[in-house]
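Participant: Got work_20.txt for you, compact mmCIF, N, CA and C atoms and all ligand atoms:
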```txt
# COMPACT_ATOMS: atom_id res chain seq x y z
N MET A 2 -21.04 -7.18 7.52
CA MET A 2 -20.13 -8.32 7.83
C MET A 2 -19.69 -8.27 9.30
N ILE A 3 -19.69 -9.45 9.94
CA ILE A 3 -19.25 -9.51 11.34
C ILE A 3 -17.74 -9.32 11.41
N LYS A 4 -17.32 -8.48 12.35
CA LYS A 4 -15.88 -8.32 12.56
C LYS A 4 -15.45 -9.26 13.67
N HIS A 5 -14.51 -10.12 13.39
CA HIS A 5 -14.03 -11.08 14.37
C HIS A 5 -12.91 -10.47 15.20
N ALA A 6 -12.94 -10.76 16.50
CA ALA A 6 -11.83 -10.33 17.36
C ALA A 6 -10.75 -11.41 17.32
N LEU A 7 -9.59 -11.04 16.88
CA LEU A 7 -8.48 -11.99 16.78
C LEU A 7 -7.26 -11.44 17.51
N ALA A 8 -6.44 -12.36 18.02
CA ALA A 8 -5.18 -11.95 18.66
C ALA A 8 -4.02 -12.38 17.78
N VAL A 9 -3.05 -11.49 17.67
CA VAL A 9 -1.81 -11.81 16.95
C VAL A 9 -0.68 -11.72 17.97
N ILE A 10 -0.09 -12.88 18.24
CA ILE A 10 0.86 -13.00 19.36
C ILE A 10 2.26 -13.24 18.82
N ASN A 11 3.22 -12.48 19.33
CA ASN A 11 4.60 -12.66 18.91
C ASN A 11 5.50 -12.93 20.11
N GLY A 12 6.37 -13.89 19.95
CA GLY A 12 7.26 -14.30 21.01
C GLY A 12 8.61 -13.58 20.98
N PRO A 13 9.60 -14.17 21.63
CA PRO A 13 10.87 -13.51 21.90
C PRO A 13 11.64 -13.09 20.65
N ASN A 14 12.24 -11.93 20.77
CA ASN A 14 13.14 -11.33 19.78
C ASN A 14 12.42 -10.78 18.56
N LEU A 15 11.14 -10.99 18.49
CA LEU A 15 10.40 -10.47 17.33
C LEU A 15 10.16 -8.97 17.45
N ASN A 16 10.35 -8.42 18.66
CA ASN A 16 10.34 -6.97 18.82
C ASN A 16 11.50 -6.31 18.08
N LEU A 17 12.50 -7.09 17.70
CA LEU A 17 13.66 -6.53 17.00
C LEU A 17 13.59 -6.71 15.48
N LEU A 18 12.42 -7.13 14.99
CA LEU A 18 12.28 -7.27 13.53
C LEU A 18 12.60 -5.92 12.87
N GLY A 19 13.22 -6.02 11.72
CA GLY A 19 13.66 -4.80 11.04
C GLY A 19 15.16 -4.62 11.23
N LEU A 20 15.61 -4.85 12.47
CA LEU A 20 17.04 -4.77 12.81
C LEU A 20 17.67 -6.15 12.77
N ARG A 21 16.86 -7.13 13.15
CA ARG A 21 17.35 -8.46 13.46
C ARG A 21 17.54 -9.32 12.20
N GLU A 22 18.77 -9.72 11.93
CA GLU A 22 19.08 -10.64 10.82
C GLU A 22 18.13 -10.44 9.63
N PRO A 23 18.20 -9.27 8.99
CA PRO A 23 17.22 -8.96 7.93
C PRO A 23 17.29 -9.93 6.75
N HIS A 24 18.44 -10.58 6.56
CA HIS A 24 18.54 -11.58 5.47
C HIS A 24 17.60 -12.77 5.75
N LEU A 25 17.28 -13.00 7.04
CA LEU A 25 16.37 -14.09 7.39
C LEU A 25 14.94 -13.60 7.59
N TYR A 26 14.81 -12.41 8.19
CA TYR A 26 13.48 -11.99 8.66
C TYR A 26 12.94 -10.74 7.96
N GLY A 27 13.72 -10.18 7.03
CA GLY A 27 13.23 -9.02 6.27
C GLY A 27 13.50 -7.69 6.97
N ASN A 28 13.05 -6.61 6.35
CA ASN A 28 13.35 -5.26 6.82
C ASN A 28 12.20 -4.60 7.58
N LYS A 29 11.04 -5.22 7.56
CA LYS A 29 9.90 -4.58 8.21
C LYS A 29 9.97 -4.73 9.73
N THR A 30 9.62 -3.65 10.41
CA THR A 30 9.52 -3.73 11.87
C THR A 30 8.22 -4.47 12.23
N LEU A 31 8.14 -4.92 13.48
CA LEU A 31 6.92 -5.59 13.93
C LEU A 31 5.74 -4.60 13.88
N ALA A 32 6.00 -3.34 14.21
CA ALA A 32 4.93 -2.33 14.19
C ALA A 32 4.36 -2.19 12.78
N ILE A 33 5.23 -2.21 11.79
CA ILE A 33 4.75 -2.09 10.40
C ILE A 33 3.99 -3.35 9.98
N ILE A 34 4.52 -4.51 10.35
CA ILE A 34 3.81 -5.76 10.02
C ILE A 34 2.40 -5.73 10.62
N CYS A 35 2.29 -5.29 11.88
CA CYS A 35 1.00 -5.26 12.56
C CYS A 35 0.06 -4.25 11.91
N ALA A 36 0.59 -3.08 11.58
CA ALA A 36 -0.25 -2.04 10.96
C ALA A 36 -0.74 -2.53 9.59
N ASP A 37 0.13 -3.13 8.81
CA ASP A 37 -0.25 -3.65 7.48
C ASP A 37 -1.35 -4.72 7.63
N LEU A 38 -1.19 -5.56 8.64
CA LEU A 38 -2.14 -6.65 8.86
C LEU A 38 -3.51 -6.10 9.22
N GLN A 39 -3.53 -5.14 10.16
CA GLN A 39 -4.83 -4.56 10.55
C GLN A 39 -5.49 -3.90 9.35
N GLN A 40 -4.69 -3.22 8.53
CA GLN A 40 -5.21 -2.55 7.33
C GLN A 40 -5.80 -3.58 6.37
N GLU A 41 -5.07 -4.66 6.14
CA GLU A 41 -5.50 -5.68 5.18
C GLU A 41 -6.84 -6.31 5.59
N PHE A 42 -7.03 -6.51 6.89
CA PHE A 42 -8.23 -7.23 7.35
C PHE A 42 -9.24 -6.30 8.02
N ILE A 43 -9.14 -5.02 7.70
CA ILE A 43 -9.94 -4.00 8.39
C ILE A 43 -11.44 -4.32 8.38
N SER A 44 -11.93 -4.90 7.29
CA SER A 44 -13.38 -5.13 7.20
C SER A 44 -13.79 -6.45 7.87
N GLN A 45 -12.82 -7.35 8.10
CA GLN A 45 -13.17 -8.68 8.63
C GLN A 45 -12.81 -8.89 10.10
N ALA A 46 -11.78 -8.21 10.54
CA ALA A 46 -11.26 -8.56 11.86
C ALA A 46 -10.76 -7.35 12.64
N GLU A 47 -10.95 -7.45 13.95
CA GLU A 47 -10.34 -6.47 14.85
C GLU A 47 -9.19 -7.19 15.53
N LEU A 48 -7.99 -6.74 15.28
CA LEU A 48 -6.81 -7.47 15.74
C LEU A 48 -6.26 -6.84 17.02
N THR A 49 -5.93 -7.69 17.97
CA THR A 49 -5.20 -7.25 19.17
C THR A 49 -3.80 -7.84 19.07
N PHE A 50 -2.80 -6.98 19.23
CA PHE A 50 -1.42 -7.43 19.08
C PHE A 50 -0.74 -7.55 20.44
N PHE A 51 0.07 -8.59 20.57
CA PHE A 51 0.82 -8.79 21.82
C PHE A 51 2.18 -9.36 21.48
N GLN A 52 3.20 -8.80 22.10
CA GLN A 52 4.56 -9.37 21.95
C GLN A 52 5.21 -9.43 23.32
N SER A 53 5.89 -10.54 23.58
CA SER A 53 6.67 -10.63 24.82
C SER A 53 7.88 -11.53 24.61
N ASN A 54 8.91 -11.20 25.36
CA ASN A 54 10.11 -12.04 25.36
C ASN A 54 10.06 -13.10 26.46
N HIS A 55 8.92 -13.16 27.18
CA HIS A 55 8.82 -14.02 28.36
C HIS A 55 7.74 -15.08 28.18
N GLU A 56 8.13 -16.32 28.38
CA GLU A 56 7.22 -17.45 28.17
C GLU A 56 5.95 -17.31 29.01
N GLY A 57 6.12 -17.01 30.30
CA GLY A 57 4.96 -16.92 31.20
C GLY A 57 4.01 -15.80 30.79
N ALA A 58 4.56 -14.68 30.31
CA ALA A 58 3.71 -13.56 29.88
C ALA A 58 2.89 -13.97 28.65
N ILE A 59 3.49 -14.74 27.78
CA ILE A 59 2.76 -15.22 26.59
C ILE A 59 1.63 -16.16 27.03
N ILE A 60 1.93 -17.03 27.97
CA ILE A 60 0.92 -17.96 28.49
C ILE A 60 -0.22 -17.18 29.16
N ASP A 61 0.14 -16.18 29.98
CA ASP A 61 -0.90 -15.36 30.63
C ASP A 61 -1.78 -14.67 29.59
N PHE A 62 -1.14 -14.17 28.53
CA PHE A 62 -1.93 -13.49 27.50
C PHE A 62 -2.88 -14.46 26.80
N ILE A 63 -2.38 -15.66 26.50
CA ILE A 63 -3.24 -16.67 25.85
C ILE A 63 -4.44 -16.98 26.74
N HIS A 64 -4.20 -17.13 28.04
CA HIS A 64 -5.31 -17.37 28.98
C HIS A 64 -6.30 -16.20 28.95
N ALA A 65 -5.76 -14.99 28.89
CA ALA A 65 -6.62 -13.79 28.91
C ALA A 65 -7.45 -13.66 27.64
N CYS A 66 -7.07 -14.38 26.61
CA CYS A 66 -7.83 -14.36 25.36
C CYS A 66 -9.16 -15.10 25.47
N LEU A 67 -9.26 -15.97 26.47
CA LEU A 67 -10.50 -16.76 26.66
C LEU A 67 -11.71 -15.83 26.79
N GLY A 68 -12.69 -16.08 25.95
CA GLY A 68 -13.90 -15.27 26.01
C GLY A 68 -13.78 -13.91 25.36
N LYS A 69 -12.57 -13.57 24.90
CA LYS A 69 -12.37 -12.22 24.32
C LYS A 69 -12.09 -12.29 22.82
N VAL A 70 -11.43 -13.34 22.38
CA VAL A 70 -11.14 -13.44 20.94
C VAL A 70 -11.64 -14.79 20.43
N SER A 71 -11.91 -14.83 19.14
CA SER A 71 -12.38 -16.10 18.58
C SER A 71 -11.30 -16.84 17.80
N GLY A 72 -10.13 -16.22 17.68
CA GLY A 72 -9.04 -16.92 17.01
C GLY A 72 -7.71 -16.25 17.31
N MET A 73 -6.64 -17.01 17.13
CA MET A 73 -5.30 -16.48 17.41
C MET A 73 -4.33 -16.88 16.29
N VAL A 74 -3.41 -15.96 16.01
CA VAL A 74 -2.26 -16.27 15.15
C VAL A 74 -1.04 -16.08 16.04
N ILE A 75 -0.16 -17.05 16.07
CA ILE A 75 1.01 -16.93 16.94
C ILE A 75 2.30 -17.22 16.19
N ASN A 76 3.25 -16.29 16.34
CA ASN A 76 4.63 -16.61 15.98
C ASN A 76 5.36 -16.77 17.31
N PRO A 77 5.56 -18.01 17.75
CA PRO A 77 6.17 -18.21 19.07
C PRO A 77 7.68 -17.96 19.08
N GLY A 78 8.28 -17.57 17.93
CA GLY A 78 9.73 -17.42 17.87
C GLY A 78 10.37 -18.73 18.27
N ALA A 79 11.48 -18.64 19.00
CA ALA A 79 12.21 -19.86 19.39
C ALA A 79 11.42 -20.75 20.33
N TYR A 80 10.41 -20.18 21.01
CA TYR A 80 9.58 -21.03 21.88
C TYR A 80 8.82 -22.09 21.11
N ALA A 81 8.66 -21.90 19.80
CA ALA A 81 8.02 -22.94 18.99
C ALA A 81 8.73 -24.28 19.18
N HIS A 82 10.06 -24.19 19.34
CA HIS A 82 10.88 -25.40 19.36
C HIS A 82 11.08 -25.98 20.76
N THR A 83 10.63 -25.22 21.77
CA THR A 83 10.96 -25.64 23.14
C THR A 83 9.77 -25.68 24.10
N SER A 84 8.69 -24.96 23.79
CA SER A 84 7.71 -24.69 24.85
C SER A 84 6.48 -25.61 24.84
N ILE A 85 6.55 -26.63 25.67
CA ILE A 85 5.37 -27.46 25.90
C ILE A 85 4.30 -26.61 26.60
N ALA A 86 4.74 -25.66 27.43
CA ALA A 86 3.78 -24.84 28.20
C ALA A 86 2.94 -23.94 27.29
N ILE A 87 3.55 -23.36 26.27
CA ILE A 87 2.76 -22.53 25.33
C ILE A 87 1.84 -23.44 24.52
N ARG A 88 2.35 -24.57 24.12
CA ARG A 88 1.51 -25.55 23.41
C ARG A 88 0.28 -25.92 24.25
N ASP A 89 0.51 -26.18 25.54
CA ASP A 89 -0.58 -26.58 26.42
C ASP A 89 -1.57 -25.43 26.67
N ALA A 90 -1.06 -24.19 26.74
CA ALA A 90 -1.93 -23.03 26.96
C ALA A 90 -2.90 -22.88 25.79
N ILE A 91 -2.41 -23.05 24.57
CA ILE A 91 -3.28 -22.95 23.40
C ILE A 91 -4.32 -24.06 23.44
N ALA A 92 -3.87 -25.27 23.75
CA ALA A 92 -4.81 -26.41 23.82
C ALA A 92 -5.84 -26.19 24.93
N ALA A 93 -5.40 -25.63 26.06
CA ALA A 93 -6.30 -25.44 27.21
C ALA A 93 -7.43 -24.47 26.87
N THR A 94 -7.11 -23.44 26.11
CA THR A 94 -8.16 -22.46 25.78
C THR A 94 -9.08 -22.98 24.69
N ALA A 95 -8.56 -23.89 23.87
CA ALA A 95 -9.30 -24.41 22.70
C ALA A 95 -9.70 -23.31 21.72
N ILE A 96 -9.00 -22.19 21.76
CA ILE A 96 -9.24 -21.12 20.78
C ILE A 96 -8.50 -21.52 19.49
N PRO A 97 -9.20 -21.52 18.35
CA PRO A 97 -8.51 -21.89 17.10
C PRO A 97 -7.28 -21.00 16.87
N CYS A 98 -6.19 -21.63 16.51
CA CYS A 98 -4.91 -20.91 16.44
C CYS A 98 -4.12 -21.38 15.23
N VAL A 99 -3.46 -20.45 14.57
CA VAL A 99 -2.56 -20.78 13.46
C VAL A 99 -1.16 -20.32 13.86
N GLU A 100 -0.18 -21.20 13.71
CA GLU A 100 1.22 -20.84 13.98
C GLU A 100 1.86 -20.30 12.71
N VAL A 101 2.60 -19.23 12.84
CA VAL A 101 3.31 -18.67 11.68
C VAL A 101 4.77 -18.42 12.02
N HIS A 102 5.60 -18.48 10.98
CA HIS A 102 7.01 -18.07 11.08
C HIS A 102 7.36 -17.31 9.82
N LEU A 103 8.19 -16.31 9.98
CA LEU A 103 8.66 -15.57 8.80
C LEU A 103 9.54 -16.46 7.92
N SER A 104 10.46 -17.16 8.55
CA SER A 104 11.41 -17.99 7.80
C SER A 104 10.86 -19.41 7.65
N ASN A 105 11.42 -20.13 6.71
CA ASN A 105 11.05 -21.53 6.52
C ASN A 105 11.86 -22.37 7.51
N ILE A 106 11.23 -22.67 8.66
CA ILE A 106 11.97 -23.36 9.73
C ILE A 106 12.46 -24.75 9.29
N PHE A 107 11.83 -25.32 8.26
CA PHE A 107 12.22 -26.66 7.80
C PHE A 107 13.45 -26.63 6.89
N ALA A 108 13.85 -25.42 6.50
CA ALA A 108 15.03 -25.27 5.65
C ALA A 108 16.20 -24.70 6.44
N ARG A 109 16.09 -24.73 7.78
CA ARG A 109 17.12 -24.12 8.63
C ARG A 109 17.79 -25.18 9.50
N GLU A 110 18.40 -24.73 10.60
CA GLU A 110 19.14 -25.66 11.46
C GLU A 110 18.21 -26.78 11.95
N ASN A 111 18.80 -27.93 12.25
CA ASN A 111 18.01 -29.08 12.73
C ASN A 111 17.13 -28.71 13.93
N PHE A 112 17.69 -27.89 14.85
CA PHE A 112 16.92 -27.61 16.07
C PHE A 112 15.68 -26.77 15.82
N ARG A 113 15.56 -26.18 14.62
CA ARG A 113 14.35 -25.41 14.31
C ARG A 113 13.33 -26.24 13.52
N GLN A 114 13.69 -27.44 13.18
CA GLN A 114 12.84 -28.19 12.24
C GLN A 114 11.68 -28.93 12.91
N GLU A 115 11.53 -28.69 14.23
CA GLU A 115 10.36 -29.24 14.91
C GLU A 115 9.64 -28.09 15.61
N SER A 116 8.31 -28.10 15.56
CA SER A 116 7.54 -27.16 16.38
C SER A 116 6.70 -27.94 17.36
N ILE A 117 6.96 -27.71 18.64
CA ILE A 117 6.15 -28.31 19.71
C ILE A 117 4.77 -27.65 19.73
N VAL A 118 4.75 -26.34 19.47
CA VAL A 118 3.50 -25.56 19.54
C VAL A 118 2.51 -25.99 18.45
N ALA A 119 3.02 -26.40 17.31
CA ALA A 119 2.15 -26.66 16.14
C ALA A 119 1.08 -27.72 16.42
N SER A 120 1.36 -28.64 17.34
CA SER A 120 0.39 -29.72 17.58
C SER A 120 -0.88 -29.22 18.25
N SER A 121 -0.87 -27.99 18.78
CA SER A 121 -2.10 -27.44 19.35
C SER A 121 -2.75 -26.43 18.40
N CYS A 122 -2.19 -26.33 17.21
CA CYS A 122 -2.69 -25.34 16.23
C CYS A 122 -3.42 -26.03 15.09
N LEU A 123 -4.23 -25.25 14.38
CA LEU A 123 -4.90 -25.79 13.19
C LEU A 123 -3.86 -26.16 12.14
N GLY A 124 -2.83 -25.37 12.05
CA GLY A 124 -1.77 -25.62 11.07
C GLY A 124 -0.66 -24.61 11.23
N LEU A 125 0.34 -24.74 10.37
CA LEU A 125 1.54 -23.92 10.49
C LEU A 125 1.88 -23.36 9.11
N ILE A 126 2.17 -22.06 9.07
CA ILE A 126 2.57 -21.42 7.82
C ILE A 126 3.93 -20.80 8.05
N CYS A 127 4.87 -21.10 7.19
CA CYS A 127 6.20 -20.53 7.38
C CYS A 127 6.89 -20.29 6.03
N GLY A 128 7.83 -19.36 6.06
CA GLY A 128 8.68 -19.18 4.89
C GLY A 128 8.29 -18.05 3.97
N PHE A 129 7.24 -17.32 4.31
CA PHE A 129 6.76 -16.26 3.40
C PHE A 129 7.03 -14.87 3.94
N GLY A 130 7.97 -14.74 4.85
CA GLY A 130 8.28 -13.43 5.42
C GLY A 130 7.05 -12.86 6.11
N ALA A 131 6.89 -11.53 6.02
CA ALA A 131 5.75 -10.88 6.68
C ALA A 131 4.43 -11.42 6.16
N GLN A 132 4.44 -11.90 4.93
CA GLN A 132 3.20 -12.44 4.35
C GLN A 132 2.69 -13.68 5.11
N SER A 133 3.57 -14.35 5.85
CA SER A 133 3.13 -15.51 6.65
C SER A 133 2.00 -15.11 7.61
N TYR A 134 2.09 -13.88 8.17
CA TYR A 134 1.05 -13.43 9.11
C TYR A 134 -0.29 -13.27 8.39
N SER A 135 -0.22 -12.67 7.21
CA SER A 135 -1.43 -12.45 6.42
C SER A 135 -2.05 -13.79 6.02
N LEU A 136 -1.22 -14.72 5.59
CA LEU A 136 -1.72 -16.06 5.24
C LEU A 136 -2.28 -16.76 6.47
N GLY A 137 -1.69 -16.49 7.62
CA GLY A 137 -2.16 -17.08 8.88
C GLY A 137 -3.57 -16.61 9.21
N VAL A 138 -3.82 -15.31 9.11
CA VAL A 138 -5.16 -14.77 9.38
C VAL A 138 -6.14 -15.33 8.37
N ARG A 139 -5.74 -15.35 7.11
CA ARG A 139 -6.59 -15.88 6.03
C ARG A 139 -6.98 -17.35 6.31
N ALA A 140 -6.01 -18.13 6.75
CA ALA A 140 -6.26 -19.55 7.04
C ALA A 140 -7.18 -19.72 8.24
N LEU A 141 -7.05 -18.79 9.19
CA LEU A 141 -7.82 -18.88 10.44
C LEU A 141 -9.30 -18.55 10.23
N LEU A 142 -9.58 -17.54 9.42
CA LEU A 142 -10.94 -16.99 9.33
C LEU A 142 -12.05 -18.02 9.08
N PRO A 143 -11.86 -19.00 8.18
CA PRO A 143 -12.94 -19.97 7.98
C PRO A 143 -13.20 -20.88 9.18
N HIS A 144 -12.31 -20.87 10.17
CA HIS A 144 -12.42 -21.80 11.31
C HIS A 144 -13.00 -21.16 12.57
N ILE A 145 -13.42 -19.88 12.48
CA ILE A 145 -13.89 -19.22 13.70
C ILE A 145 -15.37 -18.88 13.60
C1 LIG A 201 11.03 -17.46 13.74
C2 LIG A 201 11.80 -18.78 13.58
C3 LIG A 201 12.39 -19.22 14.91
O1 LIG A 201 13.16 -20.40 14.74
C4 LIG A 201 13.30 -18.14 15.48
O2 LIG A 201 13.77 -18.52 16.75
C5 LIG A 201 12.62 -16.82 15.53
C6 LIG A 201 11.89 -16.38 14.35
C7 LIG A 201 10.49 -16.97 12.39
O3 LIG A 201 9.53 -16.19 12.40
O4 LIG A 201 11.04 -17.31 11.34
O5 LIG A 201 12.71 -16.10 16.50
O6 LIG A 201 9.90 -17.70 14.58
```
Can I see the file as structure tokens?

Facilitator:
Amino acid sequence: MIKHALAVINGPNLNLLGLREPHLYGNKTLAIICADLQQEFISQAELTFFQSNHEGAIIDFIHACLGKVSGMVINPGAYAHTSIAIRDAIAATAIPCVEVHLSNIFARENFRQESIVASSCLGLICGFGAQSYSLGVRALLPHI
């Protein structure tokens, strides 16, 4: 079986998973979520993980994915709701991408109920906690 190179990108404040509002985001750290994900898809995908609290660094990383990965899963954090630039970076690379969120953004504050980034993605998965990442990779695989 061919192993696909995929990037899993996390935006601001997701480095604090485990500590951060566990009633919303669960108890798992980002390191554990990433390790579980690599384990789950060990036979299908080689995952590269990236997290940054900085919009420009996320954009630079997306650009650097060109020619290196065949698909991306992104949890843009709060940038989902604000960043036309991240949306444009995904569109510019044309790398198939799935947006994920741990929480159900549509069941939260009004300002979270829109994702600017989603329009450059194949689709959006939210509300399943850490499982959203796994569902994101699963959704991506048939498209790469
Ligand atoms: C989040 C949802 C965002 O609204 C929030 O700003 C986050 C986490 C999620 O995974 O549920 O940082 O992306």

Participant: Considering only C-alpha atoms and all ligand atoms, tabulate each residue of chain A that lies at most 12 Å from ligand LIG 201 (chain A) along with its nearest interatomic pair and the corresponding distance in Å to one decimal; arrange the rows by chain and ascending residue number and present them as JSON lines.

Facilitator:
```
{"residue": "A:Ile10", "atom": "CA", "partner": "A:LIG201", "partner_atom": "O6", "distance": 11.3}
{"residue": "A:Asn11", "atom": "CA", "partner": "A:LIG201", "partner_atom": "O6", "distance": 8.5}
{"residue": "A:Gly12", "atom": "CA", "partner": "A:LIG201", "partner_atom": "O5", "distance": 7.3}
{"residue": "A:Pro13", "atom": "CA", "partner": "A:LIG201", "partner_atom": "O5", "distance": 6.3}
{"residue": "A:Asn14", "atom": "CA", "partner": "A:LIG201", "partner_atom": "O5", "distance": 5.8}
{"residue": "A:Leu15", "atom": "CA", "partner": "A:LIG201", "partner_atom": "O5", "distance": 6.1}
{"residue": "A:Asn16", "atom": "CA", "partner": "A:LIG201", "partner_atom": "O5", "distance": 9.7}
{"residue": "A:Leu17", "atom": "CA", "partner": "A:LIG201", "partner_atom": "O5", "distance": 9.6}
{"residue": "A:Leu18", "atom": "CA", "partner": "A:LIG201", "partner_atom": "C6", "distance": 9.2}
{"residue": "A:Arg21", "atom": "CA", "partner": "A:LIG201", "partner_atom": "O5", "distance": 9.4}
{"residue": "A:Glu22", "atom": "CA", "partner": "A:LIG201", "partner_atom": "C6", "distance": 9.9}
{"residue": "A:Pro23", "atom": "CA", "partner": "A:LIG201", "partner_atom": "O4", "distance": 10.9}
{"residue": "A:His24", "atom": "CA", "partner": "A:LIG201", "partner_atom": "O4", "distance": 11.1}
{"residue": "A:Leu25", "atom": "CA", "partner": "A:LIG201", "partner_atom": "O4", "distance": 7.4}
{"residue": "A:Tyr26", "atom": "CA", "partner": "A:LIG201", "partner_atom": "O4", "distance": 6.4}
{"residue": "A:Gly27", "atom": "CA", "partner": "A:LIG201", "partner_atom": "O4", "distance": 10.0}
{"residue": "A:Leu31", "atom": "CA", "partner": "A:LIG201", "partner_atom": "O3", "distance": 11.0}
{"residue": "A:Gln52", "atom": "CA", "partner": "A:LIG201", "partner_atom": "O5", "distance": 11.9}
{"residue": "A:Ser53", "atom": "CA", "partner": "A:LIG201", "partner_atom": "O5", "distance": 11.6}
{"residue": "A:Asn54", "atom": "CA", "partner": "A:LIG201", "partner_atom": "O5", "distance": 10.1}
{"residue": "A:Ile75", "atom": "CA", "partner": "A:LIG201", "partner_atom": "O6", "distance": 9.2}
{"residue": "A:Asn76", "atom": "CA", "partner": "A:LIG201", "partner_atom": "O6", "distance": 5.6}
{"residue": "A:Pro77", "atom": "CA", "partner": "A:LIG201", "partner_atom": "O6", "distance": 5.9}
{"residue": "A:Gly78", "atom": "CA", "partner": "A:LIG201", "partner_atom": "O6", "distance": 3.3}
{"residue": "A:Ala79", "atom": "CA", "partner": "A:LIG201", "partner_atom": "O2", "distance": 3.3}
{"residue": "A:Tyr80", "atom": "CA", "partner": "A:LIG201", "partner_atom": "O2", "distance": 7.1}
{"residue": "A:Ala81", "atom": "CA", "partner": "A:LIG201", "partner_atom": "C3", "distance": 7.0}
{"residue": "A:His82", "atom": "CA", "partner": "A:LIG201", "partner_atom": "O1", "distance": 7.2}
{"residue": "A:Thr83", "atom": "CA", "partner": "A:LIG201", "partner_atom": "O2", "distance": 10.0}
{"residue": "A:Ser84", "atom": "CA", "partner": "A:LIG201", "partner_atom": "O2", "distance": 11.8}
{"residue": "A:Glu100", "atom": "CA", "partner": "A:LIG201", "partner_atom": "O6", "distance": 9.2}
{"residue": "A:Val101", "atom": "CA", "partner": "A:LIG201", "partner_atom": "O3", "distance": 6.7}
{"residue": "A:His102", "atom": "CA", "partner": "A:LIG201", "partner_atom": "O3", "distance": 3.4}
{"residue": "A:Leu103", "atom": "CA", "partner": "A:LIG201", "partner_atom": "O3", "distance": 3.8}
{"residue": "A:Ser104", "atom": "CA", "partner": "A:LIG201", "partner_atom": "O4", "distance": 3.6}
{"residue": "A:Asn105", "atom": "CA", "partner": "A:LIG201", "partner_atom": "O4", "distance": 6.4}
{"residue": "A:Ile106", "atom": "CA", "partner": "A:LIG201", "partner_atom": "O1", "distance": 5.9}
{"residue": "A:Phe107", "atom": "CA", "partner": "A:LIG201", "partner_atom": "O1", "distance": 9.4}
{"residue": "A:Ala108", "atom": "CA", "partner": "A:LIG201", "partner_atom": "O1", "distance": 10.5}
{"residue": "A:Arg109", "atom": "CA", "partner": "A:LIG201", "partner_atom": "O1", "distance": 8.2}
{"residue": "A:Glu110", "atom": "CA", "partner": "A:LIG201", "partner_atom": "O1", "distance": 8.6}
{"residue": "A:Asn111", "atom": "CA", "partner": "A:LIG201", "partner_atom": "O1", "distance": 10.1}
{"residue": "A:Phe112", "atom": "CA", "partner": "A:LIG201", "partner_atom": "O1", "distance": 8.2}
{"residue": "A:Arg113", "atom": "CA", "partner": "A:LIG201", "partner_atom": "O1", "distance": 5.2}
{"residue": "A:Gln114", "atom": "CA", "partner": "A:LIG201", "partner_atom": "O1", "distance": 8.2}
{"residue": "A:Glu115", "atom": "CA", "partner": "A:LIG201", "partner_atom": "O1", "distance": 9.3}
{"residue": "A:Ser116", "atom": "CA", "partner": "A:LIG201", "partner_atom": "O1", "distance": 8.9}
{"residue": "A:Ile117", "atom": "CA", "partner": "A:LIG201", "partner_atom": "O1", "distance": 11.7}
{"residue": "A:Val118", "atom": "CA", "partner": "A:LIG201", "partner_atom": "O6", "distance": 11.3}
{"residue": "A:Ala119", "atom": "CA", "partner": "A:LIG201", "partner_atom": "O6", "distance": 11.9}
{"residue": "A:Leu125", "atom": "CA", "partner": "A:LIG201", "partner_atom": "O6", "distance": 11.2}
{"residue": "A:Ile126", "atom": "CA", "partner": "A:LIG201", "partner_atom": "O3", "distance": 9.8}
{"residue": "A:Cys127", "atom": "CA", "partner": "A:LIG201", "partner_atom": "O4", "distance": 7.0}
{"residue": "A:Gly128", "atom": "CA", "partner": "A:LIG201", "partner_atom": "O4", "distance": 7.1}
{"residue": "A:Phe129", "atom": "CA", "partner": "A:LIG201", "partner_atom": "O4", "distance": 9.1}
{"residue": "A:Gly130", "atom": "CA", "partner": "A:LIG201", "partner_atom": "O4", "distance": 7.6}
{"residue": "A:Ala131", "atom": "CA", "partner": "A:LIG201", "partner_atom": "O3", "distance": 8.7}
{"residue": "A:Gln132", "atom": "CA", "partner": "A:LIG201", "partner_atom": "O3", "distance": 10.9}
{"residue": "A:Ser133", "atom": "CA", "partner": "A:LIG201", "partner_atom": "O3", "distance": 8.6}
{"residue": "A:Tyr134", "atom": "CA", "partner": "A:LIG201", "partner_atom": "O3", "distance": 9.5}
```

Participant: At what distance in Å, to one decimal, does atom N of A:Ile3 lie from atom C of A:Phe50?

Facilitator: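 Separation of atom C of A:Phe50 and atom N of A:Ile3: 21.7 Å.
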
Participant: So how many Å separate atom CA of A:Ala92 and atom CA of A:Ser120, to one decimal?

Facilitator: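 Computing the Euclidean distance for atom CA of A:Ala92 and atom CA of A:Ser120 yields 8.8 Å.
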
Participant: Which polymer residues, protein or nucleic acid, are no farther than 6.5 Å from (-12.0, -8.5, 17.1), counting only N, CA and C atoms, as a ChimeraX atom specification?

Facilitator: /A:4-7,46-49,70

Participant: Figure out the distance between atom C of A:Pro143 and atom CA of A:Ile91, please, to one decimal in Å.

Facilitator: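 Spanning atom CA of A:Ile91 to atom C of A:Pro143 is a straight-line distance of 17.5 Å.
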
Participant: Considering only C-alpha atoms, can you say which of A:Ala8, A:Gly137, A:His55, A:Ser121 comes closest to A:Gly68?

Facilitator: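 Between A:Ala8, A:Gly137, A:His55, A:Ser121, the residue approaching A:Gly68 most closely is A:Ala8.
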
Participant: Taking only stretch 49-141 of chain A into account, list the residues labelled helix (DSSP H, G or I) by DSSP (computed from the backbone), as an MDAnalysis selection string.

Facilitator: chainID A and resid 56:65 78:82 85:94 106:108 111:113 118:121 132:141
